[in-house]
$ cat run.pdb   # PDB, C-alpha atoms and all ligand atoms
ATOM      1  CA  MET A  50      35.324  21.987   7.551
ATOM      2  CA  ARG A  51      35.498  18.627   9.358
ATOM      3  CA  GLY A  52      32.329  18.458  11.432
ATOM      4  CA  GLU A  53      29.505  15.983  10.970
ATOM      5  CA  PRO A  54      25.840  17.043  11.022
ATOM      6  CA  VAL A  55      24.079  17.052  14.407
ATOM      7  CA  GLU A  56      20.256  17.027  14.535
ATOM      8  CA  VAL A  57      19.105  20.049  16.612
ATOM      9  CA  ALA A  58      15.364  19.637  15.901
ATOM     10  CA  ASP A  59      13.337  17.164  13.895
ATOM     11  CA  GLY A  60      14.813  17.261  10.373
ATOM     12  CA  VAL A  61      17.039  20.265  11.139
ATOM     13  CA  PHE A  62      20.794  19.635  11.232
ATOM     14  CA  VAL A  63      23.852  21.728  12.016
ATOM     15  CA  ILE A  64      27.426  21.021  10.964
ATOM     16  CA  PRO A  65      29.089  22.653  13.993
ATOM     17  CA  ASP A  66      32.021  25.019  13.534
ATOM     18  CA  GLY A  67      33.975  23.515  16.457
ATOM     19  CA  ARG A  68      35.067  27.100  17.199
ATOM     20  CA  VAL A  69      37.570  26.846  14.339
ATOM     21  CA  ARG A  70      38.533  30.229  12.870
ATOM     22  CA  LEU A  71      36.892  30.981   9.499
ATOM     23  CA  VAL A  72      34.632  27.935   9.791
ATOM     24  CA  PRO A  73      30.924  28.807  10.183
ATOM     25  CA  ASN A  74      28.022  26.782  11.507
ATOM     26  CA  ILE A  75      26.183  25.291   8.543
ATOM     27  CA  GLY A  76      22.532  24.278   8.429
ATOM     28  CA  ILE A  77      20.782  21.468   6.569
ATOM     29  CA  VAL A  78      16.974  21.390   6.747
ATOM     30  CA  VAL A  79      15.416  18.202   5.398
ATOM     31  CA  GLY A  80      11.744  17.968   4.427
ATOM     32  CA  THR A  81       9.873  15.089   2.808
ATOM     33  CA  ARG A  82      10.194  16.658  -0.633
ATOM     34  CA  ALA A  83      13.379  18.750  -0.667
ATOM     35  CA  ALA A  84      16.248  19.947   1.541
ATOM     36  CA  LEU A  85      17.839  23.341   2.149
ATOM     37  CA  VAL A  86      21.498  24.058   2.910
ATOM     38  CA  VAL A  87      22.266  27.267   4.829
ATOM     39  CA  ASP A  88      25.816  28.560   4.115
ATOM     40  CA  THR A  89      28.587  26.879   2.169
ATOM     41  CA  GLY A  90      31.908  27.068   4.029
ATOM     42  CA  LEU A  91      35.024  28.835   2.718
ATOM     43  CA  GLY A  92      35.870  28.089  -0.917
ATOM     44  CA  PRO A  93      34.933  25.293  -3.322
ATOM     45  CA  ARG A  94      36.590  22.418  -1.439
ATOM     46  CA  ASN A  95      34.634  23.129   1.738
ATOM     47  CA  GLY A  96      31.526  23.704  -0.363
ATOM     48  CA  ALA A  97      31.944  20.215  -1.836
ATOM     49  CA  LEU A  98      32.282  18.710   1.668
ATOM     50  CA  VAL A  99      29.071  20.445   2.758
ATOM     51  CA  LEU A 100      27.296  19.292  -0.405
ATOM     52  CA  ALA A 101      28.356  15.671   0.248
ATOM     53  CA  ARG A 102      26.962  15.791   3.798
ATOM     54  CA  ALA A 103      23.733  17.384   2.589
ATOM     55  CA  ARG A 104      23.391  14.777  -0.123
ATOM     56  CA  ARG A 105      23.859  12.013   2.445
ATOM     57  CA  LEU A 106      21.021  13.420   4.586
ATOM     58  CA  ALA A 107      18.724  14.365   1.698
ATOM     59  CA  GLY A 108      19.055  11.224  -0.421
ATOM     60  CA  ASP A 109      17.685  11.980  -3.863
ATOM     61  CA  ARG A 110      15.527  14.957  -2.785
ATOM     62  CA  PRO A 111      16.200  18.164  -4.694
ATOM     63  CA  LEU A 112      18.525  20.561  -2.858
ATOM     64  CA  TYR A 113      18.264  24.296  -2.283
ATOM     65  CA  LEU A 114      21.106  26.506  -1.106
ATOM     66  CA  THR A 115      20.909  29.867   0.608
ATOM     67  CA  THR A 116      23.495  32.001   2.432
ATOM     68  CA  THR A 117      23.106  34.169   5.537
ATOM     69  CA  HIS A 118      25.375  36.815   3.954
ATOM     70  CA  PHE A 119      28.055  37.085   1.302
ATOM     71  CA  HIS A 120      31.149  36.847   3.565
ATOM     72  CA  PRO A 121      33.732  34.329   2.306
ATOM     73  CA  GLU A 122      33.340  31.576   4.913
ATOM     74  CA  HIS A 123      29.553  31.737   4.546
ATOM     75  CA  GLY A 124      29.083  32.066   0.801
ATOM     76  CA  PHE A 125      32.311  31.453  -1.111
ATOM     77  CA  GLY A 126      31.705  27.719  -1.557
ATOM     78  CA  ALA A 127      28.573  28.202  -3.667
ATOM     79  CA  GLN A 128      30.242  27.139  -6.915
ATOM     80  CA  ALA A 129      30.416  23.528  -5.606
ATOM     81  CA  PHE A 130      26.612  23.492  -5.572
ATOM     82  CA  GLN A 131      26.171  24.533  -9.194
ATOM     83  CA  GLY A 132      24.200  21.915 -11.067
ATOM     84  CA  HIS A 133      23.406  20.194  -7.725
ATOM     85  CA  ALA A 134      21.241  22.743  -5.887
ATOM     86  CA  THR A 135      19.017  25.733  -6.601
ATOM     87  CA  PHE A 136      20.730  28.785  -5.073
ATOM     88  CA  VAL A 137      18.190  31.236  -3.583
ATOM     89  CA  ALA A 138      19.122  34.750  -2.377
ATOM     90  CA  SER A 139      17.603  38.152  -1.722
ATOM     91  CA  SER A 140      18.264  40.835  -4.314
ATOM     92  CA  ALA A 141      20.084  42.893  -1.639
ATOM     93  CA  GLN A 142      22.475  40.051  -0.912
ATOM     94  CA  ARG A 143      23.046  39.301  -4.586
ATOM     95  CA  ASP A 144      23.874  42.942  -5.253
ATOM     96  CA  GLU A 145      26.219  43.168  -2.273
ATOM     97  CA  ALA A 146      28.062  39.989  -3.301
ATOM     98  CA  HIS A 147      28.429  41.400  -6.780
ATOM     99  CA  ARG A 148      29.895  44.662  -5.421
ATOM    100  CA  LYS A 149      32.251  43.216  -2.819
ATOM    101  CA  SER A 150      33.242  39.588  -3.569
ATOM    102  CA  ALA A 151      36.462  40.382  -5.433
ATOM    103  CA  ALA A 152      37.690  42.729  -2.686
ATOM    104  CA  PHE A 153      36.843  40.255   0.079
ATOM    105  CA  ALA A 154      38.500  37.375  -1.793
ATOM    106  CA  GLY A 155      41.652  39.511  -1.977
ATOM    107  CA  MET A 156      41.445  40.488   1.692
ATOM    108  CA  PHE A 157      40.952  36.865   2.816
ATOM    109  CA  ARG A 158      43.790  35.547   0.611
ATOM    110  CA  GLY A 159      45.993  37.972   2.534
ATOM    111  CA  LEU A 160      45.129  36.194   5.814
ATOM    112  CA  GLY A 161      47.636  33.407   5.097
ATOM    113  CA  PRO A 162      48.555  30.556   2.744
ATOM    114  CA  ALA A 163      45.950  28.098   4.089
ATOM    115  CA  VAL A 164      43.099  30.532   3.437
ATOM    116  CA  ALA A 165      44.603  31.547   0.086
ATOM    117  CA  ALA A 166      44.702  27.862  -0.941
ATOM    118  CA  GLU A 167      40.996  27.428  -0.134
ATOM    119  CA  LEU A 168      40.199  30.462  -2.283
ATOM    120  CA  ALA A 169      42.625  29.710  -5.140
ATOM    121  CA  ASP A 170      39.860  28.427  -7.415
ATOM    122  CA  PHE A 171      37.072  30.592  -6.027
ATOM    123  CA  ARG A 172      34.722  32.238  -8.459
ATOM    124  CA  PRO A 173      31.556  34.137  -7.585
ATOM    125  CA  VAL A 174      28.256  32.455  -8.413
ATOM    126  CA  ALA A 175      25.012  34.311  -9.113
ATOM    127  CA  PRO A 176      21.889  32.900  -7.438
ATOM    128  CA  ASP A 177      19.419  30.890  -9.530
ATOM    129  CA  LEU A 178      16.378  32.413  -7.810
ATOM    130  CA  VAL A 179      16.227  35.925  -6.382
ATOM    131  CA  TYR A 180      13.520  37.361  -4.148
ATOM    132  CA  THR A 181      12.790  41.044  -3.654
ATOM    133  CA  GLY A 182      11.153  42.444  -0.532
ATOM    134  CA  ASP A 183      11.948  41.011   2.863
ATOM    135  CA  ARG A 184      10.754  37.428   2.850
ATOM    136  CA  ALA A 185      10.594  34.167   0.891
ATOM    137  CA  GLU A 186       9.339  30.724   1.847
ATOM    138  CA  ILE A 187      10.542  27.347   0.637
ATOM    139  CA  ASP A 188       8.118  24.467   1.184
ATOM    140  CA  LEU A 189      10.412  21.510   1.789
ATOM    141  CA  GLY A 190       7.528  19.094   2.373
ATOM    142  CA  GLY A 191       6.219  18.863   5.945
ATOM    143  CA  ARG A 192       8.355  21.849   6.935
ATOM    144  CA  THR A 193       8.737  25.326   5.559
ATOM    145  CA  ALA A 194      11.914  27.369   5.643
ATOM    146  CA  VAL A 195      11.288  31.102   5.955
ATOM    147  CA  LEU A 196      14.051  33.297   4.533
ATOM    148  CA  ARG A 197      14.020  36.870   5.852
ATOM    149  CA  HIS A 198      16.108  39.702   4.498
ATOM    150  CA  VAL A 199      16.927  41.753   7.613
ATOM    151  CA  GLY A 200      19.968  43.828   6.559
ATOM    152  CA  PRO A 201      21.688  46.173   6.691
ATOM    153  CA  ALA A 202      23.249  45.304  10.036
ATOM    154  CA  HIS A 203      26.366  43.051  10.009
ATOM    155  CA  THR A 204      26.263  43.375   6.192
ATOM    156  CA  ALA A 205      23.880  45.062   3.767
ATOM    157  CA  GLY A 206      22.405  41.730   2.688
ATOM    158  CA  ASP A 207      21.940  39.917   6.021
ATOM    159  CA  GLN A 208      19.398  37.118   5.859
ATOM    160  CA  VAL A 209      18.145  34.825   8.632
ATOM    161  CA  VAL A 210      16.456  31.468   8.090
ATOM    162  CA  LEU A 211      13.754  30.097  10.394
ATOM    163  CA  ALA A 212      12.687  26.451  10.104
ATOM    164  CA  ASP A 213      10.694  24.514  12.729
ATOM    165  CA  GLY A 214      11.678  26.914  15.532
ATOM    166  CA  VAL A 215      15.372  26.845  14.592
ATOM    167  CA  LEU A 216      16.814  30.245  13.685
ATOM    168  CA  PHE A 217      20.000  30.498  11.619
ATOM    169  CA  THR A 218      21.336  33.993  12.308
ATOM    170  CA  GLY A 219      24.607  34.098  10.378
ATOM    171  CA  ASP A 220      27.009  36.625  11.911
ATOM    172  CA  LEU A 221      24.240  38.733  13.444
ATOM    173  CA  VAL A 222      24.851  36.524  16.503
ATOM    174  CA  GLU A 223      28.002  34.701  17.678
ATOM    175  CA  ASN A 224      28.432  32.594  20.788
ATOM    176  CA  ARG A 225      31.189  33.534  23.278
ATOM    177  CA  MET A 226      32.879  35.734  20.681
ATOM    178  CA  PHE A 227      32.519  39.479  20.345
ATOM    179  CA  PRO A 228      30.374  40.068  17.266
ATOM    180  CA  ILE A 229      32.214  40.892  14.071
ATOM    181  CA  ALA A 230      31.777  44.497  12.972
ATOM    182  CA  PRO A 231      33.261  44.565   9.468
ATOM    183  CA  TYR A 232      34.032  48.287   9.478
ATOM    184  CA  PHE A 233      36.785  48.526   6.871
ATOM    185  CA  PRO A 234      36.930  52.086   5.571
ATOM    186  CA  PRO A 235      37.219  53.093   2.812
ATOM    187  CA  HIS A 236      36.334  49.702   1.243
ATOM    188  CA  ASP A 237      33.333  48.606   3.303
ATOM    189  CA  THR A 238      31.460  50.787   5.782
ATOM    190  CA  ASP A 239      27.996  49.249   5.400
ATOM    191  CA  VAL A 240      27.927  47.782   8.926
ATOM    192  CA  ASP A 241      25.123  49.507  10.858
ATOM    193  CA  VAL A 242      25.349  48.807  14.591
ATOM    194  CA  VAL A 243      22.302  50.879  15.554
ATOM    195  CA  ARG A 244      20.134  49.067  13.049
ATOM    196  CA  TRP A 245      21.721  45.771  14.135
ATOM    197  CA  ILE A 246      20.224  46.285  17.621
ATOM    198  CA  ALA A 247      16.774  46.746  16.048
ATOM    199  CA  VAL A 248      17.279  43.570  14.007
ATOM    200  CA  LEU A 249      18.145  41.630  17.175
ATOM    201  CA  ASP A 250      14.889  42.929  18.710
ATOM    202  CA  GLU A 251      13.072  41.582  15.661
ATOM    203  CA  LEU A 252      14.782  38.186  16.098
ATOM    204  CA  LEU A 253      13.757  38.143  19.781
ATOM    205  CA  ARG A 254      10.145  38.630  18.686
ATOM    206  CA  LEU A 255      10.423  35.512  16.493
ATOM    207  CA  ASP A 256      11.043  33.669  19.790
ATOM    208  CA  PRO A 257      13.020  30.766  18.291
ATOM    209  CA  ALA A 258      13.478  27.585  20.344
ATOM    210  CA  VAL A 259      16.991  27.036  18.985
ATOM    211  CA  VAL A 260      19.461  29.681  17.812
ATOM    212  CA  VAL A 261      22.283  28.699  15.460
ATOM    213  CA  PRO A 262      24.838  31.528  15.506
ATOM    214  CA  GLY A 263      27.267  32.230  12.669
ATOM    215  CA  HIS A 264      30.113  31.015  14.868
ATOM    216  CA  GLY A 265      30.151  29.251  18.238
ATOM    217  CA  GLU A 266      27.887  26.780  19.976
ATOM    218  CA  VAL A 267      24.207  26.264  19.158
ATOM    219  CA  ALA A 268      22.126  27.998  21.844
ATOM    220  CA  ASP A 269      18.683  29.363  22.666
ATOM    221  CA  VAL A 270      17.125  32.801  22.484
ATOM    222  CA  ALA A 271      19.040  34.007  25.566
ATOM    223  CA  LEU A 272      22.063  34.262  23.282
ATOM    224  CA  VAL A 273      20.310  36.831  21.080
ATOM    225  CA  ARG A 274      19.492  38.854  24.207
ATOM    226  CA  ALA A 275      23.118  38.677  25.378
ATOM    227  CA  VAL A 276      24.442  39.985  22.068
ATOM    228  CA  ARG A 277      21.829  42.738  22.094
ATOM    229  CA  ASP A 278      22.847  43.754  25.640
ATOM    230  CA  TYR A 279      26.479  43.949  24.550
ATOM    231  CA  PHE A 280      25.707  46.225  21.598
ATOM    232  CA  ASP A 281      23.455  48.356  23.763
ATOM    233  CA  HIS A 282      26.289  48.750  26.278
ATOM    234  CA  VAL A 283      28.746  49.765  23.539
ATOM    235  CA  ARG A 284      26.274  52.202  21.991
ATOM    236  CA  GLY A 285      25.637  53.833  25.384
ATOM    237  CA  GLU A 286      29.353  54.093  26.232
ATOM    238  CA  VAL A 287      30.274  55.525  22.840
ATOM    239  CA  SER A 288      27.611  58.192  22.980
ATOM    240  CA  ALA A 289      28.569  59.170  26.549
ATOM    241  CA  LEU A 290      32.258  59.334  25.620
ATOM    242  CA  ARG A 291      31.530  61.389  22.509
ATOM    243  CA  ALA A 292      29.396  63.778  24.508
ATOM    244  CA  ALA A 293      32.343  64.158  26.912
ATOM    245  CA  GLY A 294      34.575  65.053  23.959
ATOM    246  CA  ALA A 295      36.526  61.765  23.792
ATOM    247  CA  GLY A 296      38.216  60.996  20.487
ATOM    248  CA  VAL A 297      37.769  57.697  18.717
ATOM    249  CA  ASP A 298      41.003  56.064  19.948
ATOM    250  CA  GLU A 299      40.210  56.988  23.530
ATOM    251  CA  ALA A 300      36.711  55.517  23.096
ATOM    252  CA  VAL A 301      38.167  52.304  21.642
ATOM    253  CA  SER A 302      40.409  51.728  24.685
ATOM    254  CA  ALA A 303      37.763  52.662  27.249
ATOM    255  CA  VAL A 304      35.006  50.524  25.738
ATOM    256  CA  THR A 305      37.338  47.581  25.062
ATOM    257  CA  GLU A 306      38.290  47.653  28.746
ATOM    258  CA  SER A 307      34.695  47.823  30.005
ATOM    259  CA  ALA A 308      33.365  45.182  27.572
ATOM    260  CA  ARG A 309      36.185  42.682  28.077
ATOM    261  CA  SER A 310      35.689  42.696  31.840
ATOM    262  CA  ARG A 311      31.899  42.356  31.569
ATOM    263  CA  TRP A 312      31.802  39.704  28.814
ATOM    264  CA  GLY A 313      34.565  37.094  28.819
ATOM    265  CA  TRP A 314      34.252  36.444  25.109
ATOM    266  CA  ASP A 315      36.885  35.760  22.424
ATOM    267  CA  ASN A 316      37.943  38.065  19.579
ATOM    268  CA  LEU A 317      38.479  41.265  21.584
ATOM    269  CA  ASP A 318      39.608  43.159  18.487
ATOM    270  CA  TRP A 319      36.066  43.420  17.184
ATOM    271  CA  ILE A 320      35.069  45.642  20.087
ATOM    272  CA  GLY A 321      37.255  48.425  18.696
ATOM    273  CA  LEU A 322      35.787  48.202  15.211
ATOM    274  CA  THR A 323      32.296  48.289  16.697
ATOM    275  CA  VAL A 324      33.256  51.482  18.537
ATOM    276  CA  ARG A 325      34.744  53.005  15.362
ATOM    277  CA  ALA A 326      31.619  52.163  13.362
ATOM    278  CA  LEU A 327      29.465  53.871  16.026
ATOM    279  CA  HIS A 328      31.771  56.850  16.571
ATOM    280  CA  ARG A 329      31.957  57.949  12.927
TER     281      ARG A 329
HETATM  282 ZN    ZN B 401      30.227  37.791   8.399
END
$ encode --input "run.pdb" --output "structure tokens"
Amino acid sequence: MRGEPVEVADGVFVIPDGRVRLVPNIGIVVGTRAALVVDTGLGPRNGALVLARARRLAGDRPLYLTTTHFHPEHGFGAQAFQGHATFVASSAQRDEAHRKSAAFAGMFRGLGPAVAAELADFRPVAPDLVYTGDRAEIDLGGRTAVLRHVGPAHTAGDQVVLADGVLFTGDLVENRMFPIAPYFPPHDTDVDVVRWIAVLDELLRLDPAVVVPGHGEVADVALVRAVRDYFDHVRGEVSALRAAGAGVDEAVSAVTESARSRWGWDNLDWIGLTVRALHR
């Protein structure tokens, strides 16, 4: 996490991911009375770097923290905020983090020594404030952040944040990367691609001026439409192939081929997991 905050709308900042693997886009929304941080970075050291940048922008205003979903690069820096920010989450996301954090910490430590080092001192943190239902608002003074629980889609506890026309989508939307379908049977099969398409329709109806994806460049609402079109294509192909009696491996190769030629995005491997999640 090396980026510096960029102002994308009045009082709304993004620390850009620079397209670095396992680094997410991070949001900082500053009102007259308080400020909200959206996502933490991977592990306590990155969390501390995000906190320092937020503190610089917020001055002595009280800080809130929320996370788009529990995945390690989005939520596993929360411990750095303890005692410095009020951590707000939906009950669905809290419960999912509780169920899966240990397994995901293990999985991510297996990705290599650099990731393992960032997670060496990781410990899960429970939110200070939990909302039930599908929506909470934080009045930051002169601007309100709306937190919406929209999962299950990418994860069970997906949450988006809308502030002054800027929508933080977490991994529901990526820019120039095939969206991550975390279909990891038998450990985690909560990804719901069909519902994900409906969630993207809901995000389109919010008609945000600025869209901050989980990973990749800040964009506008056309990005949400592009990701929706991709999923719709994959859903259509998988159901046609299934109807024609194709097995899952055959569907993975056929859809990977058609999607890679139509969308020149990075992270081709996620196409196959999207197909597997749909084909089950
Ligand atoms: Zn994710």
$ closest_atom_pairs --input "run.pdb" --of "chain A" --to "ligand ZN 401 (chain B)" --cutoff "9 Å" --atoms "all atoms listed in the file" --output "CSV"
residue,atom,partner,partner_atom,distance
A:Thr117,CA,B:ZN401,ZN,8.5
A:His118,CA,B:ZN401,ZN,6.7
A:Phe119,CA,B:ZN401,ZN,7.5
A:His120,CA,B:ZN401,ZN,5.0
A:Pro121,CA,B:ZN401,ZN,7.8
A:Glu122,CA,B:ZN401,ZN,7.8
A:His123,CA,B:ZN401,ZN,7.2
A:His203,CA,B:ZN401,ZN,6.7
A:Thr204,CA,B:ZN401,ZN,7.2
A:Asp207,CA,B:ZN401,ZN,8.9
A:Gly219,CA,B:ZN401,ZN,7.0
A:Asp220,CA,B:ZN401,ZN,4.9
A:Leu221,CA,B:ZN401,ZN,7.9
A:Ile229,CA,B:ZN401,ZN,6.8
A:Ala230,CA,B:ZN401,ZN,8.3
A:Pro231,CA,B:ZN401,ZN,7.5
A:Gly263,CA,B:ZN401,ZN,7.6
$ axis_aligned_box --input "run.pdb" --around "segment 247-255 of chain A" --padding-each-side "4 Å" --output "lines of an AutoDock Vina configuration file"
center_x = 14.1
center_y = 41.1
center_z = 16.9
size_x = 16.0
size_y = 19.2
size_z = 13.8
$ residues_around --input "run.pdb" --residues "Tyr180 of chain A" --least-positions-apart "3" --cutoff "12 Å" --atoms "all atoms listed in the file" --output "number ranges by chain"
A: 115, 136-144, 176-177, 183-187, 196-198, 208
$ resolve_selection --input "run.pdb" --expression "the PyMOL selection byres (((chain A and resi 232-243) around 7) and not hetatm)" --output "list in words"
Pro201, Ala202, His203, Thr204, Ala205, Ala230, Pro231, Arg244, Trp245, Ile246, Ala247, Leu322, Ala326 and Leu327 of chain A
$ closest_residue --input "run.pdb" --among "A:Gly52, A:Asp278, A:Ala175, A:Pro65" --to "Thr116 of chain A" --atoms "only C-alpha atoms"
A:Ala175
$ atom_distance --input "run.pdb" --atom1 "atom CA of Pro54 of chain A" --atom2 "atom CA of His264 of chain A"
15.1 Å
$ resolve_selection --input "run.pdb" --expression "the PyMOL selection byres (((chain A and resi 226) around 7) and not hetatm)" --output "count of residues only"
8
$ atom_distance --input "run.pdb" --atom1 "atom CA of Leu249 of chain A" --atom2 "atom CA of Val87 of chain A"
19.4 Å
$ residues_around --input "run.pdb" --residues "Asp213 of chain A" --least-positions-apart "2" --cutoff "7 Å" --atoms "only C-alpha atoms" --output "number ranges by chain"
A: 192, 211, 215
$ atom_distance --input "run.pdb" --atom1 "atom CA of Tyr113 of chain A" --atom2 "atom CA of Met50 of chain A"
19.8 Å
$ residues_around --input "run.pdb" --residues "segment 78-85 of chain A" --least-positions-apart "5" --cutoff "12 Å" --atoms "only C-alpha atoms" --output "count of residues only"
53
$ closest_residue --input "run.pdb" --among "A:Val260, A:Val324, A:Val174, A:Val283" --to "Gly76 of chain A" --atoms "all atoms listed in the file"
A:Val260
$ closest_residue --input "run.pdb" --among "A:Gly92, A:Pro262, A:Pro257, A:Gly285" --to "Pro73 of chain A" --atoms "only C-alpha atoms"
A:Pro262
$ closest_residue --input "run.pdb" --among "A:Gly321, A:Gly132, A:Gly159, A:Pro173" --to "Pro93 of chain A" --atoms "all atoms listed in the file"
A:Pro173
